Amino acid sequence: MYDLIVRSGTIVDGTGARSSVGDIGVKDGRIAHVGGRIDVDAVEVIDATGRLVTPGFVDIHTHYDGQVTWDPLLEPSTLHGVTTLVMGNCGVGFAPVRPGSEAWLIQLMEGVEDIPGSALSEGMKWGWESFAEYLDVLDRTSLSIDVGTQVPHGAVRGYVMGDRGARNEVATADDIAAMRDIVRDAIEAGALGFSTSRTLAHRAKDGLPVPGTFADEAELFGIGDALRDAGAGIFELVPLGAVGEDLDAPMREVDLMSRLAAHTALPVTL
Ligand SMILES: [Zn+2]
């Protein structure tokens, strides 16, 4: 006798094994049987004929960084079956934040990702400055699914360089060292990785490309040192040429990403 049987679904178990039609039995809150035909009864039976039955889905590219502070259900992703989502992509997000620059980060997110600034301004509950403090706030929030975070270049650059960072001026050696320390602290506090944007398609509401769009190799590899030193973290970037704005760029970007991955000894995603 099971508490629940999900019958005749197409089971995709997430291991990479081929899918197969079968039953799943749940007992005492745990999955007790996967696959084949279950001949005993259950308190509740769900007919999953013609449906996929999976452990869940990981959405590796989202922008819930603000919404996560007011919507524990994280809709609509949860309605689509997402069970883990990753945010902090494209170099935009809300930590670290200098007190007083919240509105600047909101217009950055609004411009790049088309998330209404009014929704963010009215909905977001702040209460952090560092990335670690942001993670603490998320920890105290009872979320319906798991979330992973990346520390965004735009926020880090604005935090360290202020207006110079926002205007995409070249980072000095001191700027790079400060960004590296912030990113390393974030990774050690639990960030999944670091993200940056290099495409001209990503612009803040004020029209400026995301801080970090024109970052030189000294800056990118200097920040890469943070991941290498921490021994963890993915370096995520949106390459130049992503929307066809520079047809020669992709090959140069692949070369850059290859060298970056070798430098950090960690994955680069795009
Ligand atoms: Zn994005």
# chains A, B, ... in the order shown; residues from 1 in each chain; ligands from 1
call {"tool": "residues_near_ligand", "arguments": {"ligand": "ligand 1", "cutoff": "8 Å", "atoms": "only C-alpha atoms and all ligand atoms", "output": "CSV table (one decimal) with C-alpha atoms, in the first residue's frame"}}
result
chain,number,residue,atom,x,y,z
A,61,HIS,CA,18.8,31.7,-16.9
A,62,THR,CA,16.3,33.8,-15.1
A,63,HIS,CA,16.1,37.3,-13.6
A,89,ASN,CA,22.5,36.4,-15.1
A,90,CYS,CA,23.6,39.0,-17.8
A,112,VAL,CA,18.3,45.2,-19.8
A,113,GLU,CA,15.6,42.7,-19.0
call {"tool": "closest_atom_pairs", "arguments": {"of": "stretch 134-241 of chain A", "to": "stretch 256-263 of chain A", "cutoff": "12 Å", "atoms": "only C-alpha atoms", "output": "Markdown table"}}
result
| residue | atom | partner | partner_atom | distance |
| --- | --- | --- | --- | --- |
| A:Arg198 | CA | A:Leu256 | CA | 11.9 |
| A:Asp216 | CA | A:Leu256 | CA | 10.8 |
| A:Glu217 | CA | A:Leu256 | CA | 8.5 |
| A:Ala218 | CA | A:Leu260 | CA | 11.1 |
| A:Glu219 | CA | A:Leu260 | CA | 11.5 |
| A:Leu220 | CA | A:Leu260 | CA | 8.1 |
| A:Phe221 | CA | A:Leu260 | CA | 6.6 |
| A:Gly222 | CA | A:His263 | CA | 10.0 |
| A:Ile223 | CA | A:Leu260 | CA | 10.2 |
| A:Gly224 | CA | A:Leu260 | CA | 7.2 |
| A:Asp225 | CA | A:His263 | CA | 7.9 |
| A:Ala226 | CA | A:His263 | CA | 10.9 |
| A:Leu227 | CA | A:His263 | CA | 9.7 |
| A:Arg228 | CA | A:His263 | CA | 7.6 |
| A:Asp229 | CA | A:His263 | CA | 10.8 |
| A:Gly231 | CA | A:His263 | CA | 11.6 |
| A:Ala232 | CA | A:Ala261 | CA | 12.0 |
| A:Gly233 | CA | A:Ala261 | CA | 11.0 |
| A:Ile234 | CA | A:Ala261 | CA | 9.2 |
| A:Phe235 | CA | A:Ala261 | CA | 8.1 |
| A:Glu236 | CA | A:Met257 | CA | 9.6 |
| A:Leu237 | CA | A:Met257 | CA | 8.8 |
| A:Val238 | CA | A:Met257 | CA | 10.7 |
| A:Pro239 | CA | A:Met257 | CA | 9.1 |
| A:Leu240 | CA | A:Leu256 | CA | 10.9 |
call {"tool": "residues_around", "arguments": {"residues": "stretch 45-59 of chain A", "least_positions_apart": "3", "cutoff": "9 Å", "atoms": "only C-alpha atoms", "output": "PyMOL selection string"}}
result
chain A and resi 3-14+21+23-24+41-42+62+77+80-87
call {"tool": "residues_around", "arguments": {"residues": "A:Tyr64", "least_positions_apart": "3", "cutoff": "8 Å", "atoms": "only C-alpha atoms", "output": "list in words"}}
result
Gln67, Val68, Leu74, Met87 and Gly88 of chain A
call {"tool": "residues_around", "arguments": {"residues": "A:Ala230", "least_positions_apart": "3", "cutoff": "12 Å", "atoms": "only C-alpha atoms", "output": "PyMOL selection string"}}
result
chain A and resi 180-193+223-227+233-234+264-266
call {"tool": "write_last_selection", "arguments": {"atoms": "N, CA, C and O atoms", "output": "mmCIF file, in the first residue's frame"}}
result
data_model
loop_
_atom_site.group_PDB
_atom_site.id
_atom_site.type_symbol
_atom_site.label_atom_id
_atom_site.label_comp_id
_atom_site.auth_asym_id
_atom_site.auth_seq_id
_atom_site.Cartn_x
_atom_site.Cartn_y
_atom_site.Cartn_z
ATOM 1 N N ARG A 180 37.654 41.906 -7.439
ATOM 2 C CA ARG A 180 38.051 40.512 -7.215
ATOM 3 C C ARG A 180 37.711 40.085 -5.781
ATOM 4 O O ARG A 180 37.164 39.000 -5.549
ATOM 5 N N ASP A 181 38.011 40.949 -4.811
ATOM 6 C CA ASP A 181 37.743 40.592 -3.408
ATOM 7 C C ASP A 181 36.240 40.419 -3.154
ATOM 8 O O ASP A 181 35.825 39.507 -2.442
ATOM 9 N N ILE A 182 35.433 41.320 -3.747
ATOM 10 C CA ILE A 182 33.977 41.232 -3.566
ATOM 11 C C ILE A 182 33.440 39.932 -4.169
ATOM 12 O O ILE A 182 32.614 39.241 -3.573
ATOM 13 N N VAL A 183 33.932 39.603 -5.359
ATOM 14 C CA VAL A 183 33.444 38.385 -6.032
ATOM 15 C C VAL A 183 33.898 37.143 -5.258
ATOM 16 O O VAL A 183 33.124 36.202 -5.070
ATOM 17 N N ARG A 184 35.131 37.157 -4.784
ATOM 18 C CA ARG A 184 35.599 35.988 -4.007
ATOM 19 C C ARG A 184 34.758 35.825 -2.742
ATOM 20 O O ARG A 184 34.347 34.713 -2.397
ATOM 21 N N ASP A 185 34.485 36.923 -2.049
ATOM 22 C CA ASP A 185 33.654 36.841 -0.836
ATOM 23 C C ASP A 185 32.262 36.300 -1.172
ATOM 24 O O ASP A 185 31.689 35.517 -0.408
ATOM 25 N N ALA A 186 31.724 36.743 -2.323
ATOM 26 C CA ALA A 186 30.387 36.294 -2.720
ATOM 27 C C ALA A 186 30.377 34.791 -3.002
ATOM 28 O O ALA A 186 29.469 34.071 -2.589
ATOM 29 N N ILE A 187 31.412 34.326 -3.708
ATOM 30 C CA ILE A 187 31.500 32.885 -4.019
ATOM 31 C C ILE A 187 31.627 32.094 -2.719
ATOM 32 O O ILE A 187 30.962 31.075 -2.521
ATOM 33 N N GLU A 188 32.459 32.602 -1.818
ATOM 34 C CA GLU A 188 32.651 31.876 -0.560
ATOM 35 C C GLU A 188 31.393 31.895 0.297
ATOM 36 O O GLU A 188 31.163 31.001 1.105
ATOM 37 N N ALA A 189 30.540 32.925 0.076
ATOM 38 C CA ALA A 189 29.280 32.994 0.824
ATOM 39 C C ALA A 189 28.198 32.118 0.197
ATOM 40 O O ALA A 189 27.144 31.915 0.795
ATOM 41 N N GLY A 190 28.462 31.614 -1.023
ATOM 42 C CA GLY A 190 27.489 30.705 -1.625
ATOM 43 C C GLY A 190 26.985 31.064 -3.011
ATOM 44 O O GLY A 190 26.108 30.387 -3.536
ATOM 45 N N ALA A 191 27.537 32.131 -3.616
ATOM 46 C CA ALA A 191 27.134 32.439 -4.991
ATOM 47 C C ALA A 191 27.565 31.297 -5.912
ATOM 48 O O ALA A 191 28.629 30.718 -5.729
ATOM 49 N N LEU A 192 26.732 30.992 -6.906
ATOM 50 C CA LEU A 192 27.060 29.928 -7.861
ATOM 51 C C LEU A 192 28.161 30.355 -8.806
ATOM 52 O O LEU A 192 28.867 29.521 -9.369
ATOM 53 N N GLY A 193 28.271 31.665 -9.020
ATOM 54 C CA GLY A 193 29.259 32.144 -9.966
ATOM 55 C C GLY A 193 29.153 33.639 -10.155
ATOM 56 O O GLY A 193 28.549 34.338 -9.338
ATOM 57 N N ILE A 223 38.990 39.378 -12.249
ATOM 58 C CA ILE A 223 37.810 38.853 -11.551
ATOM 59 C C ILE A 223 37.829 37.323 -11.595
ATOM 60 O O ILE A 223 37.452 36.659 -10.626
ATOM 61 N N GLY A 224 38.314 36.783 -12.716
ATOM 62 C CA GLY A 224 38.463 35.322 -12.809
ATOM 63 C C GLY A 224 39.353 34.780 -11.693
ATOM 64 O O GLY A 224 39.150 33.652 -11.211
ATOM 65 N N ASP A 225 40.325 35.594 -11.248
ATOM 66 C CA ASP A 225 41.187 35.169 -10.138
ATOM 67 C C ASP A 225 40.368 34.848 -8.883
ATOM 68 O O ASP A 225 40.745 33.992 -8.098
ATOM 69 N N ALA A 226 39.253 35.588 -8.714
ATOM 70 C CA ALA A 226 38.416 35.359 -7.534
ATOM 71 C C ALA A 226 37.863 33.935 -7.548
ATOM 72 O O ALA A 226 37.840 33.250 -6.523
ATOM 73 N N LEU A 227 37.404 33.493 -8.727
ATOM 74 C CA LEU A 227 36.866 32.132 -8.842
ATOM 75 C C LEU A 227 37.989 31.115 -8.652
ATOM 76 O O LEU A 227 37.814 30.105 -7.957
ATOM 77 N N GLY A 233 32.794 28.187 -8.690
ATOM 78 C CA GLY A 233 32.050 29.240 -9.375
ATOM 79 C C GLY A 233 32.129 29.139 -10.890
ATOM 80 O O GLY A 233 33.154 28.797 -11.461
ATOM 81 N N ILE A 234 31.018 29.458 -11.507
ATOM 82 C CA ILE A 234 30.927 29.497 -12.964
ATOM 83 C C ILE A 234 31.067 30.946 -13.411
ATOM 84 O O ILE A 234 30.559 31.851 -12.760
ATOM 85 N N THR A 264 40.885 30.094 -14.969
ATOM 86 C CA THR A 264 40.192 29.838 -13.691
ATOM 87 C C THR A 264 40.162 28.357 -13.348
ATOM 88 O O THR A 264 39.923 28.004 -12.195
ATOM 89 N N ALA A 265 40.392 27.501 -14.351
ATOM 90 C CA ALA A 265 40.228 26.049 -14.174
ATOM 91 C C ALA A 265 38.795 25.709 -13.752
ATOM 92 O O ALA A 265 38.552 24.758 -13.019
ATOM 93 N N LEU A 266 37.864 26.531 -14.238
ATOM 94 C CA LEU A 266 36.445 26.353 -13.899
ATOM 95 C C LEU A 266 35.612 26.603 -15.155
ATOM 96 O O LEU A 266 36.101 27.181 -16.131
#
call {"tool": "select_by_dssp", "arguments": {"residues": "stretch 31-255 of chain A", "states": "alpha helix (DSSP H)", "output": "ChimeraX atom specification"}}
result
/A:102-113,117-123,131-139,153-161,163-166,173-189,217-230,249-255
call {"tool": "write_last_selection", "arguments": {"atoms": "C-alpha atoms", "output": "PDB file, in the first residue's frame"}}
result
ATOM      1  CA  GLU A 102      18.993  51.072  -5.283  1.00  0.00           C
ATOM      2  CA  ALA A 103      17.144  53.084  -7.949  1.00  0.00           C
ATOM      3  CA  TRP A 104      20.184  52.920 -10.232  1.00  0.00           C
ATOM      4  CA  LEU A 105      20.252  49.105 -10.041  1.00  0.00           C
ATOM      5  CA  ILE A 106      16.507  49.007 -10.720  1.00  0.00           C
ATOM      6  CA  GLN A 107      16.819  51.094 -13.902  1.00  0.00           C
ATOM      7  CA  LEU A 108      19.704  48.822 -14.951  1.00  0.00           C
ATOM      8  CA  MET A 109      17.494  45.741 -14.580  1.00  0.00           C
ATOM      9  CA  GLU A 110      14.527  47.514 -16.164  1.00  0.00           C
ATOM     10  CA  GLY A 111      16.513  48.469 -19.247  1.00  0.00           C
ATOM     11  CA  VAL A 112      18.339  45.180 -19.762  1.00  0.00           C
ATOM     12  CA  GLU A 113      15.573  42.720 -18.954  1.00  0.00           C
ATOM     13  CA  GLY A 117      10.902  49.469 -12.700  1.00  0.00           C
ATOM     14  CA  SER A 118       7.668  50.385 -10.941  1.00  0.00           C
ATOM     15  CA  ALA A 119       7.087  46.734  -9.978  1.00  0.00           C
ATOM     16  CA  LEU A 120      10.639  46.453  -8.659  1.00  0.00           C
ATOM     17  CA  SER A 121      10.459  49.791  -6.786  1.00  0.00           C
ATOM     18  CA  GLU A 122       7.181  48.915  -5.093  1.00  0.00           C
ATOM     19  CA  GLY A 123       7.777  45.216  -4.576  1.00  0.00           C
ATOM     20  CA  PHE A 131      26.219  39.858  -1.609  1.00  0.00           C
ATOM     21  CA  ALA A 132      26.529  37.667   1.502  1.00  0.00           C
ATOM     22  CA  GLU A 133      23.860  39.787   3.209  1.00  0.00           C
ATOM     23  CA  TYR A 134      21.618  39.361   0.156  1.00  0.00           C
ATOM     24  CA  LEU A 135      22.022  35.580   0.482  1.00  0.00           C
ATOM     25  CA  ASP A 136      21.137  35.867   4.180  1.00  0.00           C
ATOM     26  CA  VAL A 137      17.895  37.643   3.247  1.00  0.00           C
ATOM     27  CA  LEU A 138      17.069  34.856   0.776  1.00  0.00           C
ATOM     28  CA  ASP A 139      17.908  32.272   3.428  1.00  0.00           C
ATOM     29  CA  HIS A 153      29.294  42.445 -12.839  1.00  0.00           C
ATOM     30  CA  GLY A 154      27.068  45.523 -13.222  1.00  0.00           C
ATOM     31  CA  ALA A 155      26.325  45.722  -9.517  1.00  0.00           C
ATOM     32  CA  VAL A 156      29.935  44.966  -8.533  1.00  0.00           C
ATOM     33  CA  ARG A 157      31.328  47.585 -10.915  1.00  0.00           C
ATOM     34  CA  GLY A 158      28.845  50.212  -9.742  1.00  0.00           C
ATOM     35  CA  TYR A 159      29.629  49.400  -6.115  1.00  0.00           C
ATOM     36  CA  VAL A 160      33.402  49.691  -6.557  1.00  0.00           C
ATOM     37  CA  MET A 161      33.700  52.400  -9.235  1.00  0.00           C
ATOM     38  CA  ASP A 163      29.802  56.689 -11.823  1.00  0.00           C
ATOM     39  CA  ARG A 164      33.078  55.670 -13.493  1.00  0.00           C
ATOM     40  CA  GLY A 165      31.848  52.098 -13.417  1.00  0.00           C
ATOM     41  CA  ALA A 166      28.406  53.015 -14.706  1.00  0.00           C
ATOM     42  CA  ALA A 173      44.397  47.976 -10.864  1.00  0.00           C
ATOM     43  CA  ASP A 174      42.885  49.050  -7.523  1.00  0.00           C
ATOM     44  CA  ASP A 175      39.346  48.795  -8.943  1.00  0.00           C
ATOM     45  CA  ILE A 176      40.072  45.297 -10.236  1.00  0.00           C
ATOM     46  CA  ALA A 177      41.520  44.180  -6.900  1.00  0.00           C
ATOM     47  CA  ALA A 178      38.428  45.479  -5.076  1.00  0.00           C
ATOM     48  CA  MET A 179      36.072  43.734  -7.539  1.00  0.00           C
ATOM     49  CA  ARG A 180      38.051  40.512  -7.215  1.00  0.00           C
ATOM     50  CA  ASP A 181      37.743  40.592  -3.408  1.00  0.00           C
ATOM     51  CA  ILE A 182      33.977  41.232  -3.566  1.00  0.00           C
ATOM     52  CA  VAL A 183      33.444  38.385  -6.032  1.00  0.00           C
ATOM     53  CA  ARG A 184      35.599  35.988  -4.007  1.00  0.00           C
ATOM     54  CA  ASP A 185      33.654  36.841  -0.836  1.00  0.00           C
ATOM     55  CA  ALA A 186      30.387  36.294  -2.720  1.00  0.00           C
ATOM     56  CA  ILE A 187      31.500  32.885  -4.019  1.00  0.00           C
ATOM     57  CA  GLU A 188      32.651  31.876  -0.560  1.00  0.00           C
ATOM     58  CA  ALA A 189      29.280  32.994   0.824  1.00  0.00           C
ATOM     59  CA  GLU A 217      41.047  41.383 -20.253  1.00  0.00           C
ATOM     60  CA  ALA A 218      42.848  42.687 -17.162  1.00  0.00           C
ATOM     61  CA  GLU A 219      39.460  43.217 -15.516  1.00  0.00           C
ATOM     62  CA  LEU A 220      37.884  39.941 -16.681  1.00  0.00           C
ATOM     63  CA  PHE A 221      40.887  37.803 -15.792  1.00  0.00           C
ATOM     64  CA  GLY A 222      41.365  39.730 -12.537  1.00  0.00           C
ATOM     65  CA  ILE A 223      37.810  38.853 -11.551  1.00  0.00           C
ATOM     66  CA  GLY A 224      38.463  35.322 -12.809  1.00  0.00           C
ATOM     67  CA  ASP A 225      41.187  35.169 -10.138  1.00  0.00           C
ATOM     68  CA  ALA A 226      38.416  35.359  -7.534  1.00  0.00           C
ATOM     69  CA  LEU A 227      36.866  32.132  -8.842  1.00  0.00           C
ATOM     70  CA  ARG A 228      40.252  30.465  -9.194  1.00  0.00           C
ATOM     71  CA  ASP A 229      41.242  31.448  -5.636  1.00  0.00           C
ATOM     72  CA  ALA A 230      37.896  30.294  -4.243  1.00  0.00           C
ATOM     73  CA  ALA A 249      33.107  38.912 -32.595  1.00  0.00           C
ATOM     74  CA  PRO A 250      31.924  35.351 -31.838  1.00  0.00           C
ATOM     75  CA  MET A 251      35.211  33.696 -32.812  1.00  0.00           C
ATOM     76  CA  ARG A 252      37.191  36.196 -30.732  1.00  0.00           C
ATOM     77  CA  GLU A 253      34.795  35.643 -27.841  1.00  0.00           C
ATOM     78  CA  VAL A 254      35.207  31.852 -28.025  1.00  0.00           C
ATOM     79  CA  ASP A 255      38.968  32.363 -27.845  1.00  0.00           C
TER      80      ASP A 255
END
call {"tool": "atom_distance", "arguments": {"atom1": "atom CA of A:Gly148", "atom2": "atom CA of A:Arg167"}}
result
28.8 Å
call {"tool": "decode", "arguments": {"residues": "stretch 134-147 of chain A", "atoms": "all heavy atoms", "output": "mmCIF file, in the first residue's frame"}}
result
data_model
loop_
_atom_site.group_PDB
_atom_site.id
_atom_site.type_symbol
_atom_site.label_atom_id
_atom_site.label_comp_id
_atom_site.auth_asym_id
_atom_site.auth_seq_id
_atom_site.Cartn_x
_atom_site.Cartn_y
_atom_site.Cartn_z
ATOM 1 N N TYR A 134 22.744 39.689 1.055
ATOM 2 C CA TYR A 134 21.618 39.361 0.156
ATOM 3 C C TYR A 134 21.258 37.880 0.296
ATOM 4 O O TYR A 134 20.075 37.517 0.405
ATOM 5 C CB TYR A 134 22.031 39.704 -1.273
ATOM 6 C CG TYR A 134 21.026 39.352 -2.353
ATOM 7 C CD1 TYR A 134 19.753 39.904 -2.375
ATOM 8 C CD2 TYR A 134 21.367 38.459 -3.369
ATOM 9 C CE1 TYR A 134 18.846 39.587 -3.383
ATOM 10 C CE2 TYR A 134 20.475 38.147 -4.383
ATOM 11 C CZ TYR A 134 19.208 38.709 -4.381
ATOM 12 O OH TYR A 134 18.328 38.386 -5.376
ATOM 13 N N LEU A 135 22.287 37.019 0.321
ATOM 14 C CA LEU A 135 22.022 35.580 0.482
ATOM 15 C C LEU A 135 21.363 35.300 1.831
ATOM 16 O O LEU A 135 20.497 34.423 1.939
ATOM 17 C CB LEU A 135 23.328 34.779 0.359
ATOM 18 C CG LEU A 135 23.980 34.768 -1.026
ATOM 19 C CD1 LEU A 135 25.250 33.920 -1.006
ATOM 20 C CD2 LEU A 135 23.019 34.256 -2.089
ATOM 21 N N ASP A 136 21.762 36.051 2.861
ATOM 22 C CA ASP A 136 21.137 35.867 4.180
ATOM 23 C C ASP A 136 19.646 36.199 4.116
ATOM 24 O O ASP A 136 18.827 35.504 4.728
ATOM 25 C CB ASP A 136 21.813 36.763 5.224
ATOM 26 C CG ASP A 136 23.203 36.262 5.595
ATOM 27 O OD1 ASP A 136 23.500 35.077 5.313
ATOM 28 O OD2 ASP A 136 23.988 37.058 6.145
ATOM 29 N N VAL A 137 19.310 37.276 3.391
ATOM 30 C CA VAL A 137 17.895 37.643 3.247
ATOM 31 C C VAL A 137 17.133 36.512 2.547
ATOM 32 O O VAL A 137 16.038 36.132 2.953
ATOM 33 C CB VAL A 137 17.756 38.978 2.478
ATOM 34 C CG1 VAL A 137 16.309 39.226 2.074
ATOM 35 C CG2 VAL A 137 18.275 40.130 3.335
ATOM 36 N N LEU A 138 17.728 35.963 1.494
ATOM 37 C CA LEU A 138 17.069 34.856 0.776
ATOM 38 C C LEU A 138 16.923 33.632 1.680
ATOM 39 O O LEU A 138 15.921 32.928 1.629
ATOM 40 C CB LEU A 138 17.852 34.478 -0.486
ATOM 41 C CG LEU A 138 18.004 35.560 -1.548
ATOM 42 C CD1 LEU A 138 18.620 34.974 -2.815
ATOM 43 C CD2 LEU A 138 16.683 36.238 -1.862
ATOM 44 N N ASP A 139 17.946 33.411 2.498
ATOM 45 C CA ASP A 139 17.908 32.272 3.428
ATOM 46 C C ASP A 139 16.726 32.358 4.393
ATOM 47 O O ASP A 139 16.153 31.357 4.774
ATOM 48 C CB ASP A 139 19.200 32.243 4.265
ATOM 49 C CG ASP A 139 20.143 31.155 3.796
ATOM 50 O OD1 ASP A 139 19.730 30.333 2.953
ATOM 51 O OD2 ASP A 139 21.288 31.132 4.286
ATOM 52 N N ARG A 140 16.391 33.581 4.773
ATOM 53 C CA ARG A 140 15.305 33.779 5.739
ATOM 54 C C ARG A 140 13.934 33.754 5.065
ATOM 55 O O ARG A 140 12.915 33.822 5.746
ATOM 56 C CB ARG A 140 15.494 35.112 6.476
ATOM 57 C CG ARG A 140 16.662 35.106 7.450
ATOM 58 C CD ARG A 140 16.587 36.289 8.405
ATOM 59 N NE ARG A 140 16.753 37.572 7.745
ATOM 60 C CZ ARG A 140 17.941 38.170 7.544
ATOM 61 N NH1 ARG A 140 19.050 37.582 7.956
ATOM 62 N NH2 ARG A 140 18.006 39.335 6.945
ATOM 63 N N THR A 141 13.922 33.696 3.726
ATOM 64 C CA THR A 141 12.664 33.681 2.988
ATOM 65 C C THR A 141 12.305 32.233 2.682
ATOM 66 O O THR A 141 13.145 31.459 2.248
ATOM 67 C CB THR A 141 12.828 34.453 1.660
ATOM 68 O OG1 THR A 141 13.437 35.711 1.943
ATOM 69 C CG2 THR A 141 11.497 34.675 0.984
ATOM 70 N N SER A 142 11.050 31.879 2.933
ATOM 71 C CA SER A 142 10.614 30.510 2.683
ATOM 72 C C SER A 142 10.162 30.393 1.234
ATOM 73 O O SER A 142 9.041 30.744 0.885
ATOM 74 C CB SER A 142 9.470 30.165 3.640
ATOM 75 O OG SER A 142 9.092 28.833 3.436
ATOM 76 N N LEU A 143 11.062 29.920 0.377
ATOM 77 C CA LEU A 143 10.781 29.858 -1.057
ATOM 78 C C LEU A 143 10.207 28.500 -1.442
ATOM 79 O O LEU A 143 10.541 27.485 -0.836
ATOM 80 C CB LEU A 143 12.065 30.126 -1.850
ATOM 81 C CG LEU A 143 12.722 31.484 -1.601
ATOM 82 C CD1 LEU A 143 14.087 31.554 -2.280
ATOM 83 C CD2 LEU A 143 11.825 32.609 -2.096
ATOM 84 N N SER A 144 9.381 28.497 -2.492
ATOM 85 C CA SER A 144 8.719 27.256 -2.912
ATOM 86 C C SER A 144 9.658 26.332 -3.674
ATOM 87 O O SER A 144 9.399 25.139 -3.797
ATOM 88 C CB SER A 144 7.507 27.588 -3.779
ATOM 89 O OG SER A 144 7.919 28.373 -4.885
ATOM 90 N N ILE A 145 10.741 26.869 -4.232
ATOM 91 C CA ILE A 145 11.706 26.054 -4.973
ATOM 92 C C ILE A 145 13.119 26.513 -4.612
ATOM 93 O O ILE A 145 13.296 27.494 -3.895
ATOM 94 C CB ILE A 145 11.504 26.160 -6.505
ATOM 95 C CG1 ILE A 145 11.604 27.613 -6.972
ATOM 96 C CG2 ILE A 145 10.164 25.560 -6.929
ATOM 97 C CD1 ILE A 145 11.564 27.774 -8.477
ATOM 98 N N ASP A 146 14.102 25.785 -5.123
ATOM 99 C CA ASP A 146 15.490 26.146 -4.861
ATOM 100 C C ASP A 146 15.944 27.243 -5.824
ATOM 101 O O ASP A 146 15.527 27.269 -6.981
ATOM 102 C CB ASP A 146 16.398 24.927 -5.036
ATOM 103 C CG ASP A 146 16.112 23.860 -3.996
ATOM 104 O OD1 ASP A 146 15.882 24.225 -2.827
ATOM 105 O OD2 ASP A 146 16.114 22.674 -4.352
ATOM 106 N N VAL A 147 16.792 28.131 -5.330
ATOM 107 C CA VAL A 147 17.351 29.169 -6.205
ATOM 108 C C VAL A 147 18.870 29.184 -6.069
ATOM 109 O O VAL A 147 19.415 28.908 -5.009
ATOM 110 C CB VAL A 147 16.797 30.581 -5.882
ATOM 111 C CG1 VAL A 147 15.293 30.626 -6.045
ATOM 112 C CG2 VAL A 147 17.209 31.041 -4.494
#
